[in-house]
Amino acid sequence: MIKNISNLGDAAVYCDFGKEVNKSVNSEVIKYFKALKKENLESINNLTPSYNKLIVSYDLRKTNFKEVKKLIENLNVNETQDKNNTKIEIPVCCDDQFSLDIKRLEEKLKINRDKILKNFFSKEYFCYMTGFIAGMPFLGDLDENMRVPRLETPRVKVPKGSVALTEQFANIYTFESPGGWNILGNTPLDVFDNSKEVEPNLINPGDTVVFKQINIEEYNSYNDK
Amino acid sequence: MTNNFEIIRAGVNTTFQDQGRSNLYHIGIPFSGAMDNRNYSLANKLTGNKLNSPVIEFAFQGPHLKYTGEKINIAVTGDVVFKIIKSGTEIDGNCYESYQIESGDQINLISTNKSVYGYLAIGGGLDLKLQWNSCSINTKANIGSNDGKKLENGQKINILNINSDQSKRKINYINSKVENIRVIKGPNFDYFSEEGKKIFFEKEFTVSKLSDRMGMRLEGSKIENIVNTNIKSEGLIKGVIQVPADGNPIIMLSDHGTVGGYPKIGVVASVDYDRLVQISPGSKVKFKEINLSDAETLFKLYEMETQNLLLQI
């Protein structure tokens, strides 16, 4: 449930779902996000779900805070229950050339490479949100013993396709960008295709993601198929 | 024969912009679009274009262009010093007035005067590849026409079609200067000390040289955070003022990242956004608190004023 609805400036509604960051709070956020998206209102120009907030931006020439707040309060979120959230498999290669921070992870976590990989590839992840850079999914939750902070000094360039960890989340760099997450491997799969007009991103909030380990030969031939 | 402009000098930060792209924040794609919306619309109206047509936006120094083709009309808005060169003769151009350009003529957009952004509208249509329904170039994410890159020297801008009505259009308009930028308190306003809040609304800040279409960085007295210098990443909108750990505010502008993890001290009222983006590096800015209902009323009046200006053209 939404704990509090307030204004973010004069052109957005700030829906606060509480302080906690977990799957159940985030599922509520996504429920509202999907219900509003389905309404497809001309006056609403953006919806930004995150871990425990939903920001609804509107065109101040067409509506105002009071109207949008009322709309959110009267929204029937239970009608838009999504039974078939997609499960997506992401191939990841953890060859030395891609596993840029494996040594740091071993040191910080005090577990060896094999155990790190075994843990990482054995779990199912939930997409809390996408963003920061186009299409980047924030996937959780990593086990307690797999959580590390960001790099002290972020990289100027993180290679495209990097699969990286920080705190309770894993993410995928959809294109080359600066970044401070701990890089575990690389996927040959295009997680964001900017040539697509519709649904350019493979992973959406609420989706389930599993990672599948592939070797360097499979990685190199992946896009030949 | 194709009608086109050749870019003799591209200028500092020259891009194609339109009304921007909506409903893509949730996958990490910013709104973008023309920074100063009023000047963008006026430029289009002066050339007889639809109000949401693509234009050339430039910052500080604009492009120098040479035209080849059938007669075409153009207009420049903002506070811009420019010249039109017709068979070797230079004419001083006036903003908010349309001009007819013939083959061989040149337009030299020399500089913006004590402001940042200027607009050049070209009557008719530009031959641009749209991305997600918009030409708007976001150079940080490489999104939009021209492969998401700034315009460069030697490039050509192809014209798709030419407006048949090229009658002279003009209005008298002077960009009003800002005294204060009005701001609505943000959701993390109480993360800051009493002294910090006072500094925010009472002291002047200087616009840093590191400002661009993504954000305006401010320097001045530091705003002290007494709760937490990080929040869980959440959505941003343009005009949000974040204060990171160093205590210097950053205002999110049209190409901002879609989520951020710094506390939000305030949000610039929509009525002042067009004027905010025109404040140049080195200039001072001061914030004034405003409540939501006043902000809504003032925006309505501002929008009516824009509509009236458009009707006069």
# chains A, B, ... in the order shown; residues from 1 in each chain; ligands from 1
>>> interface_residues(of="chain A", to="chain B", cutoff="6 Å", atoms="only C-alpha atoms", output="list in words")
Gly9, Asp10, Asn45, Asn46, Thr48, Ser50, Thr130, Gly131, Phe132, Ile133, Ala134, Gly135 and Glu197 of chain A
>>> select_by_dssp(residues="stretch 3-237 of chain B", states="alpha helix (DSSP H)", output="list in words")
Asn37, Arg38, Asn39, Tyr40, Ser41, Leu42, Ala43, Asn44, Lys45, Leu46, Glu194, Glu195, Gly196, Lys197, Lys198, Ile199, Phe200, Phe201 and Glu202 of chain B
>>> residues_around(residues="A:Phe120", least_positions_apart="5", cutoff="10 Å", atoms="only C-alpha atoms", output="ChimeraX atom specification")
/A:114-115,125,142-143,146,165,170,184,210-213
>>> residues_around(residues="A:Tyr58", least_positions_apart="6", cutoff="6 Å", atoms="only C-alpha atoms", output="PyMOL selection string")
chain A and resi 11-12+43-45
>>> write_last_selection(atoms="N, CA, C and O atoms", output="PDB file, in the first residue's frame")
ATOM      1  N   ALA A  11       4.789  19.345 -10.865  1.00  0.00           N
ATOM      2  CA  ALA A  11       4.459  18.556 -12.047  1.00  0.00           C
ATOM      3  C   ALA A  11       4.683  17.056 -11.839  1.00  0.00           C
ATOM      4  O   ALA A  11       4.845  16.305 -12.801  1.00  0.00           O
ATOM      5  N   ALA A  12       4.692  16.618 -10.566  1.00  0.00           N
ATOM      6  CA  ALA A  12       4.829  15.184 -10.307  1.00  0.00           C
ATOM      7  C   ALA A  12       4.236  14.824  -8.948  1.00  0.00           C
ATOM      8  O   ALA A  12       4.219  15.641  -8.031  1.00  0.00           O
ATOM      9  N   SER A  43      -2.450  12.976 -20.096  1.00  0.00           N
ATOM     10  CA  SER A  43      -1.899  14.003 -19.206  1.00  0.00           C
ATOM     11  C   SER A  43      -0.697  13.519 -18.389  1.00  0.00           C
ATOM     12  O   SER A  43       0.060  14.308 -17.841  1.00  0.00           O
ATOM     13  N   ILE A  44      -0.530  12.202 -18.291  1.00  0.00           N
ATOM     14  CA  ILE A  44       0.607  11.636 -17.539  1.00  0.00           C
ATOM     15  C   ILE A  44       1.748  11.443 -18.537  1.00  0.00           C
ATOM     16  O   ILE A  44       1.574  10.772 -19.550  1.00  0.00           O
ATOM     17  N   ASN A  45       2.923  12.031 -18.253  1.00  0.00           N
ATOM     18  CA  ASN A  45       3.982  11.875 -19.249  1.00  0.00           C
ATOM     19  C   ASN A  45       5.145  10.989 -18.812  1.00  0.00           C
ATOM     20  O   ASN A  45       6.033  10.712 -19.615  1.00  0.00           O
TER      21      ASN A  45
END
>>> closest_residue(among="A:Ile116, A:Leu75, A:Ile172, A:Leu54", to="A:Phe138", atoms="only C-alpha atoms")
A:Ile172
>>> residues_around(residues="stretch 6-12 of chain B", least_positions_apart="3", cutoff="7 Å", atoms="only C-alpha atoms", output="ChimeraX atom specification")
/B:59-67,151-157
>>> write_last_selection(atoms="all heavy atoms", output="short mmCIF file (atom, residue, chain, number, x, y, z; two decimals), in the first residue's frame")
data_model
loop_
_atom_site.label_atom_id
_atom_site.label_comp_id
_atom_site.auth_asym_id
_atom_site.auth_seq_id
_atom_site.Cartn_x
_atom_site.Cartn_y
_atom_site.Cartn_z
N ALA B 59 24.17 26.41 -27.71
CA ALA B 59 24.51 27.04 -26.43
C ALA B 59 25.73 27.93 -26.64
O ALA B 59 26.70 27.51 -27.28
CB ALA B 59 24.81 25.98 -25.38
N PHE B 60 25.67 29.14 -26.11
CA PHE B 60 26.78 30.12 -26.18
C PHE B 60 27.09 30.51 -27.63
O PHE B 60 26.60 31.50 -28.11
CB PHE B 60 28.02 29.64 -25.43
CG PHE B 60 27.70 29.18 -24.03
CD1 PHE B 60 27.79 27.84 -23.68
CD2 PHE B 60 27.24 30.10 -23.09
CE1 PHE B 60 27.45 27.43 -22.39
CE2 PHE B 60 26.90 29.69 -21.80
CZ PHE B 60 27.01 28.35 -21.46
N GLN B 61 27.94 29.71 -28.31
CA GLN B 61 28.22 30.02 -29.71
C GLN B 61 27.38 29.12 -30.60
O GLN B 61 27.36 27.90 -30.42
CB GLN B 61 29.71 29.77 -30.00
CG GLN B 61 30.10 30.16 -31.41
CD GLN B 61 31.41 29.53 -31.84
OE1 GLN B 61 31.64 28.33 -31.64
NE2 GLN B 61 32.28 30.32 -32.41
N GLY B 62 26.67 29.71 -31.54
CA GLY B 62 25.84 28.91 -32.44
C GLY B 62 26.57 28.53 -33.70
O GLY B 62 27.75 28.84 -33.87
N PRO B 63 25.88 27.84 -34.61
CA PRO B 63 26.53 27.42 -35.85
C PRO B 63 26.61 28.52 -36.91
O PRO B 63 25.85 29.49 -36.86
CB PRO B 63 25.62 26.28 -36.33
CG PRO B 63 24.28 26.58 -35.77
CD PRO B 63 24.51 27.32 -34.48
N HIS B 64 27.52 28.35 -37.85
CA HIS B 64 27.61 29.19 -39.04
C HIS B 64 27.23 28.27 -40.20
O HIS B 64 27.88 27.25 -40.42
CB HIS B 64 29.05 29.72 -39.18
CG HIS B 64 29.24 30.64 -40.35
ND1 HIS B 64 30.39 31.36 -40.54
CD2 HIS B 64 28.44 30.95 -41.40
CE1 HIS B 64 30.28 32.09 -41.65
NE2 HIS B 64 29.10 31.84 -42.19
N LEU B 65 26.16 28.64 -40.91
CA LEU B 65 25.59 27.74 -41.91
C LEU B 65 25.57 28.38 -43.29
O LEU B 65 25.36 29.59 -43.41
CB LEU B 65 24.15 27.38 -41.52
CG LEU B 65 23.93 26.79 -40.13
CD1 LEU B 65 22.47 26.81 -39.77
CD2 LEU B 65 24.48 25.37 -40.06
N LYS B 66 25.74 27.56 -44.31
CA LYS B 66 25.61 28.06 -45.67
C LYS B 66 24.51 27.28 -46.37
O LYS B 66 24.48 26.04 -46.32
CB LYS B 66 26.94 27.87 -46.42
CG LYS B 66 26.90 28.52 -47.79
CD LYS B 66 28.20 28.38 -48.54
CE LYS B 66 28.00 29.03 -49.91
NZ LYS B 66 29.13 28.81 -50.79
N TYR B 67 23.59 28.03 -47.03
CA TYR B 67 22.41 27.39 -47.60
C TYR B 67 22.54 27.18 -49.11
O TYR B 67 23.03 28.04 -49.83
CB TYR B 67 21.18 28.25 -47.32
CG TYR B 67 19.90 27.61 -47.81
CD1 TYR B 67 19.47 26.40 -47.27
CD2 TYR B 67 19.15 28.19 -48.83
CE1 TYR B 67 18.31 25.79 -47.73
CE2 TYR B 67 17.99 27.60 -49.30
CZ TYR B 67 17.57 26.38 -48.74
OH TYR B 67 16.43 25.79 -49.20
N LEU B 151 26.13 18.26 -33.55
CA LEU B 151 26.41 18.53 -34.95
C LEU B 151 27.88 18.94 -35.11
O LEU B 151 28.46 19.55 -34.21
CB LEU B 151 25.49 19.64 -35.48
CG LEU B 151 23.99 19.38 -35.34
CD1 LEU B 151 23.19 20.42 -36.08
CD2 LEU B 151 23.63 17.99 -35.84
N GLU B 152 28.46 18.56 -36.25
CA GLU B 152 29.89 18.82 -36.46
C GLU B 152 30.15 19.61 -37.73
O GLU B 152 29.33 19.60 -38.66
CB GLU B 152 30.64 17.49 -36.53
CG GLU B 152 30.82 16.86 -35.15
CD GLU B 152 31.48 15.51 -35.23
OE1 GLU B 152 32.07 15.17 -36.27
OE2 GLU B 152 31.40 14.79 -34.21
N ASN B 153 31.32 20.24 -37.78
CA ASN B 153 31.74 21.00 -38.96
C ASN B 153 31.69 20.13 -40.21
O ASN B 153 32.08 18.96 -40.16
CB ASN B 153 33.19 21.49 -38.81
CG ASN B 153 33.34 22.47 -37.66
OD1 ASN B 153 32.36 22.90 -37.07
ND2 ASN B 153 34.58 22.83 -37.35
N GLY B 154 31.22 20.69 -41.31
CA GLY B 154 31.24 19.98 -42.58
C GLY B 154 29.99 19.15 -42.84
O GLY B 154 29.75 18.74 -43.96
N GLN B 155 29.22 18.90 -41.79
CA GLN B 155 28.00 18.10 -41.96
C GLN B 155 26.96 18.87 -42.76
O GLN B 155 27.01 20.10 -42.81
CB GLN B 155 27.42 17.85 -40.58
CG GLN B 155 27.62 16.45 -40.06
CD GLN B 155 26.85 16.26 -38.76
OE1 GLN B 155 27.29 16.73 -37.72
NE2 GLN B 155 25.72 15.61 -38.83
N LYS B 156 26.01 18.16 -43.34
CA LYS B 156 24.90 18.82 -44.03
C LYS B 156 23.60 18.56 -43.30
O LYS B 156 23.39 17.49 -42.74
CB LYS B 156 24.81 18.28 -45.46
CG LYS B 156 25.98 18.78 -46.32
CD LYS B 156 25.57 18.99 -47.76
CE LYS B 156 26.59 19.83 -48.48
NZ LYS B 156 27.50 19.05 -49.34
N ILE B 157 22.74 19.58 -43.29
CA ILE B 157 21.40 19.43 -42.71
C ILE B 157 20.44 19.45 -43.89
O ILE B 157 20.30 20.47 -44.57
CB ILE B 157 21.09 20.58 -41.73
CG1 ILE B 157 22.13 20.60 -40.59
CG2 ILE B 157 19.67 20.46 -41.18
CD1 ILE B 157 22.11 21.88 -39.78
#
>>> residues_around(residues="B:Tyr117", least_positions_apart="5", cutoff="7 Å", atoms="only C-alpha atoms", output="number ranges by chain")
B: 57-60, 78, 112, 278
>>> write_last_selection(atoms="C-alpha atoms", output="JSON list (two decimals), in the first residue's frame")
[["chain", "number", "residue", "atom", "x", "y", "z"],
["B", 57, "GLU", "CA", 19.37, 24.41, -30.42],
["B", 58, "PHE", "CA", 22.76, 25.90, -29.59],
["B", 59, "ALA", "CA", 24.51, 27.04, -26.43],
["B", 60, "PHE", "CA", 26.78, 30.12, -26.18],
["B", 78, "GLY", "CA", 16.58, 33.72, -27.53],
["B", 112, "THR", "CA", 24.06, 34.16, -27.09],
["B", 278, "GLN", "CA", 19.23, 30.55, -19.49]]
>>> residues_around(residues="B:Gln312", least_positions_apart="2", cutoff="9 Å", atoms="only C-alpha atoms", output="count of residues only")
6
>>> atom_distance(atom1="atom CA of A:Asp101", atom2="atom CA of A:Ile183")
5.1 Å
